[in-house]
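Below you'll find the structure, written out as structure tokens, and then a few comments.
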Amino acid sequence: MSVDRKLYEGKAKILYATDDPEVLVAHFKDDATAFNAAKRGRIVRKGEINCTISTHLFAQLESSGIPTHWIDTPKVDRMRVKAVKIIPLEVVVRNIAAGSLCRQTGISLGTPIEPPLVEFFYKNDELGDPLLTVDRLRLLNVATPEQIDRLRELALQVNRYLSTFFASCQITLVDFKLEFGTTSDAQIVLADEISPDTCRLWDRLETDPERRVMDKDRFRQDLGEVEAAYERVLERVLTRVEPR
Ligand code: TMP
Ligand code: ASP
């Protein structure tokens, strides 16, 4: 694989160009940030773990009919992806109340949300990734109304698939964040990553509200044993039983 030019370095990944303009390489880093990079740290083996989990999930989503940017994973912490134009929206799906939903609405942590909530945040670090209203989405015009409908539909499809998958790993998918991009032929595909950095995952084998946390909230909230939690998610994903 010939990897040449560094195109972009984000908080968790570096994107490289390849000799094929349609193909990029994403290198997953161990660096961890929270609160718009106000908190910085490192999670040992995170790059490898998140790349492996994302690979596993993208491959399954592809075979269930959801298009993704994933091509293949030539190294444990590197995946080849389709070059897409990222739509600057963070699409969050919530099955259980946690995080900013609790802070901003007063809904108690752990309240089931049925049907699942889909929220759009503006992907803009300078503005702190603000939550958008329907009217602000229209005003910003970063996606057409038809594209927004498609993002919502894809996000809910991903949620249905992943909720079942994680349940078979004895993990509850509380909420997660997705990013999407458009290919050169204007198809919307799932991009970025799906990992303990971008999902809230609760261990169904634990009832204690701190011990059950298997995701980046351990880092965000200084709960300790961050690496062990990421390793446990990886192990469950790789050894799970088939969903019924
Ligand atoms: P929130 O409750 O803080 O809005 O987060 C919702 C979900 O989005 C949660 O699973 C964590 C994920 N997330 C990211 O992937 N990146 C971010 O920058 C933030 C704030 C949340
Ligand atoms: N993306 C966030 C940051 O900007 C991290 C997070 O809370 O997931 O640092």
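We label chains A, B, ... in the order they appear in the structure tokens, count residues from 1 in each chain, and number ligands from 1 in the order shown.
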
Would you mind listing the residues within 6 Å of ligand 1, counting only C-alpha atoms and all ligand atoms, as a ChimeraX atom specification?
/A:92,98-101,175-177,197-200

Deliver the residues from the most recent selection as a file, using N, CA and C atoms, as a PDB file, in the first residue's frame.
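The result, written out as part_8.pdb:
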ATOM      1  N   VAL A  92     -26.887  12.141  16.176  1.00  0.00           N
ATOM      2  CA  VAL A  92     -26.905  11.378  17.427  1.00  0.00           C
ATOM      3  C   VAL A  92     -28.236  10.651  17.552  1.00  0.00           C
ATOM      4  N   ALA A  98     -29.013  10.099  28.533  1.00  0.00           N
ATOM      5  CA  ALA A  98     -27.678  10.240  29.139  1.00  0.00           C
ATOM      6  C   ALA A  98     -27.070  11.535  28.593  1.00  0.00           C
ATOM      7  N   GLY A  99     -25.926  11.912  29.135  1.00  0.00           N
ATOM      8  CA  GLY A  99     -25.119  13.000  28.591  1.00  0.00           C
ATOM      9  C   GLY A  99     -25.848  14.315  28.448  1.00  0.00           C
ATOM     10  N   SER A 100     -25.682  14.948  27.276  1.00  0.00           N
ATOM     11  CA  SER A 100     -26.207  16.306  27.085  1.00  0.00           C
ATOM     12  C   SER A 100     -27.733  16.334  27.122  1.00  0.00           C
ATOM     13  N   LEU A 101     -28.385  15.216  26.780  1.00  0.00           N
ATOM     14  CA  LEU A 101     -29.857  15.207  26.847  1.00  0.00           C
ATOM     15  C   LEU A 101     -30.309  15.422  28.305  1.00  0.00           C
ATOM     16  N   ASP A 175     -26.606   5.379  23.451  1.00  0.00           N
ATOM     17  CA  ASP A 175     -26.681   6.396  22.391  1.00  0.00           C
ATOM     18  C   ASP A 175     -25.401   6.346  21.580  1.00  0.00           C
ATOM     19  N   PHE A 176     -25.387   7.053  20.461  1.00  0.00           N
ATOM     20  CA  PHE A 176     -24.169   7.082  19.639  1.00  0.00           C
ATOM     21  C   PHE A 176     -24.244   8.242  18.666  1.00  0.00           C
ATOM     22  N   LYS A 177     -23.083   8.543  18.099  1.00  0.00           N
ATOM     23  CA  LYS A 177     -22.960   9.642  17.144  1.00  0.00           C
ATOM     24  C   LYS A 177     -22.450   9.089  15.816  1.00  0.00           C
ATOM     25  N   ASP A 197     -15.474   5.337  21.540  1.00  0.00           N
ATOM     26  CA  ASP A 197     -15.315   6.802  21.540  1.00  0.00           C
ATOM     27  C   ASP A 197     -16.609   7.505  21.144  1.00  0.00           C
ATOM     28  N   THR A 198     -17.416   6.848  20.342  1.00  0.00           N
ATOM     29  CA  THR A 198     -18.565   7.534  19.728  1.00  0.00           C
ATOM     30  C   THR A 198     -19.920   6.938  20.144  1.00  0.00           C
ATOM     31  N   CYS A 199     -19.876   5.943  21.009  1.00  0.00           N
ATOM     32  CA  CYS A 199     -21.117   5.320  21.502  1.00  0.00           C
ATOM     33  C   CYS A 199     -21.104   5.347  23.027  1.00  0.00           C
ATOM     34  N   ARG A 200     -22.297   5.380  23.645  1.00  0.00           N
ATOM     35  CA  ARG A 200     -22.379   5.043  25.075  1.00  0.00           C
ATOM     36  C   ARG A 200     -22.807   3.587  25.153  1.00  0.00           C
TER      37      ARG A 200
END

Could you list the protein, DNA and RNA residues that have any atom within 6 Å of ligand 2, counting only C-alpha atoms and all ligand atoms, and write them as a PDB file with N, CA, C and O atoms, in the first residue's frame?
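Here's the written file out.pdb:
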ATOM      1  N   THR A  33      -9.609  12.929  23.511  1.00  0.00           N
ATOM      2  CA  THR A  33      -9.975  14.286  23.956  1.00  0.00           C
ATOM      3  C   THR A  33     -11.432  14.260  24.405  1.00  0.00           C
ATOM      4  O   THR A  33     -12.192  13.374  24.024  1.00  0.00           O
ATOM      5  N   ALA A  34     -11.784  15.240  25.209  1.00  0.00           N
ATOM      6  CA  ALA A  34     -13.191  15.412  25.598  1.00  0.00           C
ATOM      7  C   ALA A  34     -13.451  16.897  25.778  1.00  0.00           C
ATOM      8  O   ALA A  34     -12.499  17.687  25.908  1.00  0.00           O
ATOM      9  N   PHE A  35     -14.733  17.251  25.776  1.00  0.00           N
ATOM     10  CA  PHE A  35     -15.160  18.641  25.972  1.00  0.00           C
ATOM     11  C   PHE A  35     -14.450  19.575  24.983  1.00  0.00           C
ATOM     12  O   PHE A  35     -13.815  20.553  25.377  1.00  0.00           O
ATOM     13  N   ASN A  36     -14.555  19.212  23.710  1.00  0.00           N
ATOM     14  CA  ASN A  36     -13.948  19.995  22.632  1.00  0.00           C
ATOM     15  C   ASN A  36     -12.457  20.213  22.882  1.00  0.00           C
ATOM     16  O   ASN A  36     -11.935  21.318  22.738  1.00  0.00           O
ATOM     17  N   ALA A  37     -11.796  19.115  23.255  1.00  0.00           N
ATOM     18  CA  ALA A  37     -10.339  19.061  23.450  1.00  0.00           C
ATOM     19  C   ALA A  37      -9.847  19.861  24.655  1.00  0.00           C
ATOM     20  O   ALA A  37      -8.650  20.069  24.815  1.00  0.00           O
TER      21      ALA A  37
END

Residues of segment 5-35 of chain A within 12 Å of segment 48-57 of chain A: nearest atom pair and distance (Å, one decimal) for each, counting only C-alpha atoms, sorted by chain and number, as a tab-separated table?
residue	atom	partner	partner_atom	distance
A:Ala12	CA	A:Asn50	CA	9.9
A:Lys13	CA	A:Cys51	CA	10.0
A:Val25	CA	A:Cys51	CA	11.7
A:Ala26	CA	A:Cys51	CA	9.0
A:His27	CA	A:Cys51	CA	8.3
A:Phe28	CA	A:Cys51	CA	6.2
A:Lys29	CA	A:Glu48	CA	7.9
A:Asp30	CA	A:Glu48	CA	8.0
A:Asp31	CA	A:Glu48	CA	11.6
A:Ala32	CA	A:Asn50	CA	11.6

Expected file contents, prior selection, all heavy atoms, as a compact mmCIF listing (two decimals), in the first residue's frame:
# COMPACT_ATOMS: atom_id res chain seq x y z
N ALA A 12 -8.85 12.28 16.77
CA ALA A 12 -8.70 10.84 16.98
C ALA A 12 -8.13 10.10 15.77
O ALA A 12 -7.77 8.93 15.89
CB ALA A 12 -10.05 10.23 17.36
N LYS A 13 -8.08 10.77 14.61
CA LYS A 13 -7.61 10.08 13.41
C LYS A 13 -6.78 11.01 12.52
O LYS A 13 -6.93 12.22 12.56
CB LYS A 13 -8.80 9.55 12.60
CG LYS A 13 -9.51 8.37 13.27
CD LYS A 13 -10.64 7.81 12.43
CE LYS A 13 -11.84 8.68 12.31
NZ LYS A 13 -12.52 8.99 13.56
N VAL A 25 -6.64 6.73 3.46
CA VAL A 25 -6.32 5.84 4.58
C VAL A 25 -6.56 6.60 5.88
O VAL A 25 -6.09 7.73 6.04
CB VAL A 25 -4.86 5.33 4.49
CG1 VAL A 25 -4.43 4.67 5.80
CG2 VAL A 25 -4.72 4.34 3.34
N ALA A 26 -7.32 5.99 6.78
CA ALA A 26 -7.58 6.60 8.10
C ALA A 26 -6.75 5.86 9.14
O ALA A 26 -6.87 4.64 9.29
CB ALA A 26 -9.06 6.50 8.44
N HIS A 27 -5.88 6.62 9.81
CA HIS A 27 -5.06 6.05 10.89
C HIS A 27 -5.69 6.43 12.22
O HIS A 27 -5.88 7.61 12.52
CB HIS A 27 -3.62 6.58 10.78
CG HIS A 27 -2.81 6.34 12.00
ND1 HIS A 27 -2.56 5.09 12.49
CD2 HIS A 27 -2.20 7.20 12.85
CE1 HIS A 27 -1.83 5.18 13.59
NE2 HIS A 27 -1.60 6.46 13.83
N PHE A 28 -6.04 5.43 13.00
CA PHE A 28 -6.71 5.65 14.31
C PHE A 28 -5.65 5.87 15.38
O PHE A 28 -4.77 5.01 15.57
CB PHE A 28 -7.58 4.44 14.68
CG PHE A 28 -8.85 4.33 13.88
CD1 PHE A 28 -8.84 4.13 12.50
CD2 PHE A 28 -10.08 4.39 14.52
CE1 PHE A 28 -10.03 4.00 11.78
CE2 PHE A 28 -11.27 4.27 13.81
CZ PHE A 28 -11.25 4.08 12.44
N LYS A 29 -5.75 6.98 16.10
CA LYS A 29 -4.74 7.34 17.10
C LYS A 29 -5.17 6.89 18.51
O LYS A 29 -6.35 6.69 18.77
CB LYS A 29 -4.57 8.87 17.14
CG LYS A 29 -4.17 9.48 15.81
CD LYS A 29 -3.68 10.90 15.97
CE LYS A 29 -4.78 11.89 16.28
NZ LYS A 29 -4.29 13.28 16.33
N ASP A 30 -4.19 6.81 19.40
CA ASP A 30 -4.49 6.52 20.82
C ASP A 30 -4.89 7.79 21.56
O ASP A 30 -5.37 7.71 22.70
CB ASP A 30 -3.26 5.91 21.52
CG ASP A 30 -3.00 4.47 21.10
OD1 ASP A 30 -3.83 3.90 20.37
OD2 ASP A 30 -1.95 3.92 21.49
N ASP A 31 -4.71 8.95 20.94
CA ASP A 31 -5.04 10.22 21.61
C ASP A 31 -6.53 10.27 21.94
O ASP A 31 -7.37 9.88 21.13
CB ASP A 31 -4.76 11.42 20.70
CG ASP A 31 -3.30 11.52 20.32
OD1 ASP A 31 -2.48 10.83 20.95
OD2 ASP A 31 -2.97 12.28 19.40
N ALA A 32 -6.83 10.79 23.12
CA ALA A 32 -8.24 10.95 23.52
C ALA A 32 -8.46 12.39 23.94
O ALA A 32 -7.62 12.99 24.61
CB ALA A 32 -8.55 10.02 24.69

Among segment 34-184 of chain A, which ones does DSSP place in strand (DSSP E), written as a ChimeraX atom specification?
/A:34,39-42,70-75,78-82,85-86,89-96,112-122,171-182

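We find atom CA of Ser163 of chain A and atom CA of Tyr230 of chain A to be spaced 17.9 Å apart.
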
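Each of A:Cys169, A:Leu205, A:Ala97, A:Ala59 was checked against Glu193 of chain A using only C-alpha atoms; the smallest atom-to-atom distance is that of A:Ala59.
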
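Relative to atom CA of Arg152 of chain A, atom CA of Gly110 of chain A is found at 23.0 Å.
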
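For the atom pair formed by atom CA of Met214 of chain A and atom CA of Ala229 of chain A, the distance is 4.8 Å, given to one decimal.
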
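Here the alpha helix (DSSP H) residues in segment 9-115 of chain A, by DSSP on the backbone, are Lys46, Gly47, Glu48, Ile49, Asn50, Cys51, Thr52, Ile53, Ser54, Thr55, His56, Leu57, Phe58, Ala59, Gln60, Leu61, Glu62, Ser63, Gly99, Ser100, Leu101, Cys102, Arg103, Gln104 and Thr105 of chain A.
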
Skip Arg80 of chain A itself and residues of its chain fewer than 4 positions away, then list as number ranges by chain all residues within 7 Å of it, counting only C-alpha atoms.
A: 23-26, 70-73

Using the selection just defined, write its residues with C-alpha atoms as a JSON list (two decimals), in the first residue's frame.
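The resulting part34.json:
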[["chain", "number", "residue", "atom", "x", "y", "z"],
["A", 23, "VAL", "CA", -9.33, 6.12, -1.68],
["A", 24, "LEU", "CA", -8.00, 7.51, 1.63],
["A", 25, "VAL", "CA", -6.32, 5.84, 4.58],
["A", 26, "ALA", "CA", -7.58, 6.60, 8.10],
["A", 70, "TRP", "CA", -15.14, 1.36, 4.68],
["A", 71, "ILE", "CA", -13.16, -0.56, 2.06],
["A", 72, "ASP", "CA", -10.78, -2.78, 4.05],
["A", 73, "THR", "CA", -8.42, -2.79, 7.01]]
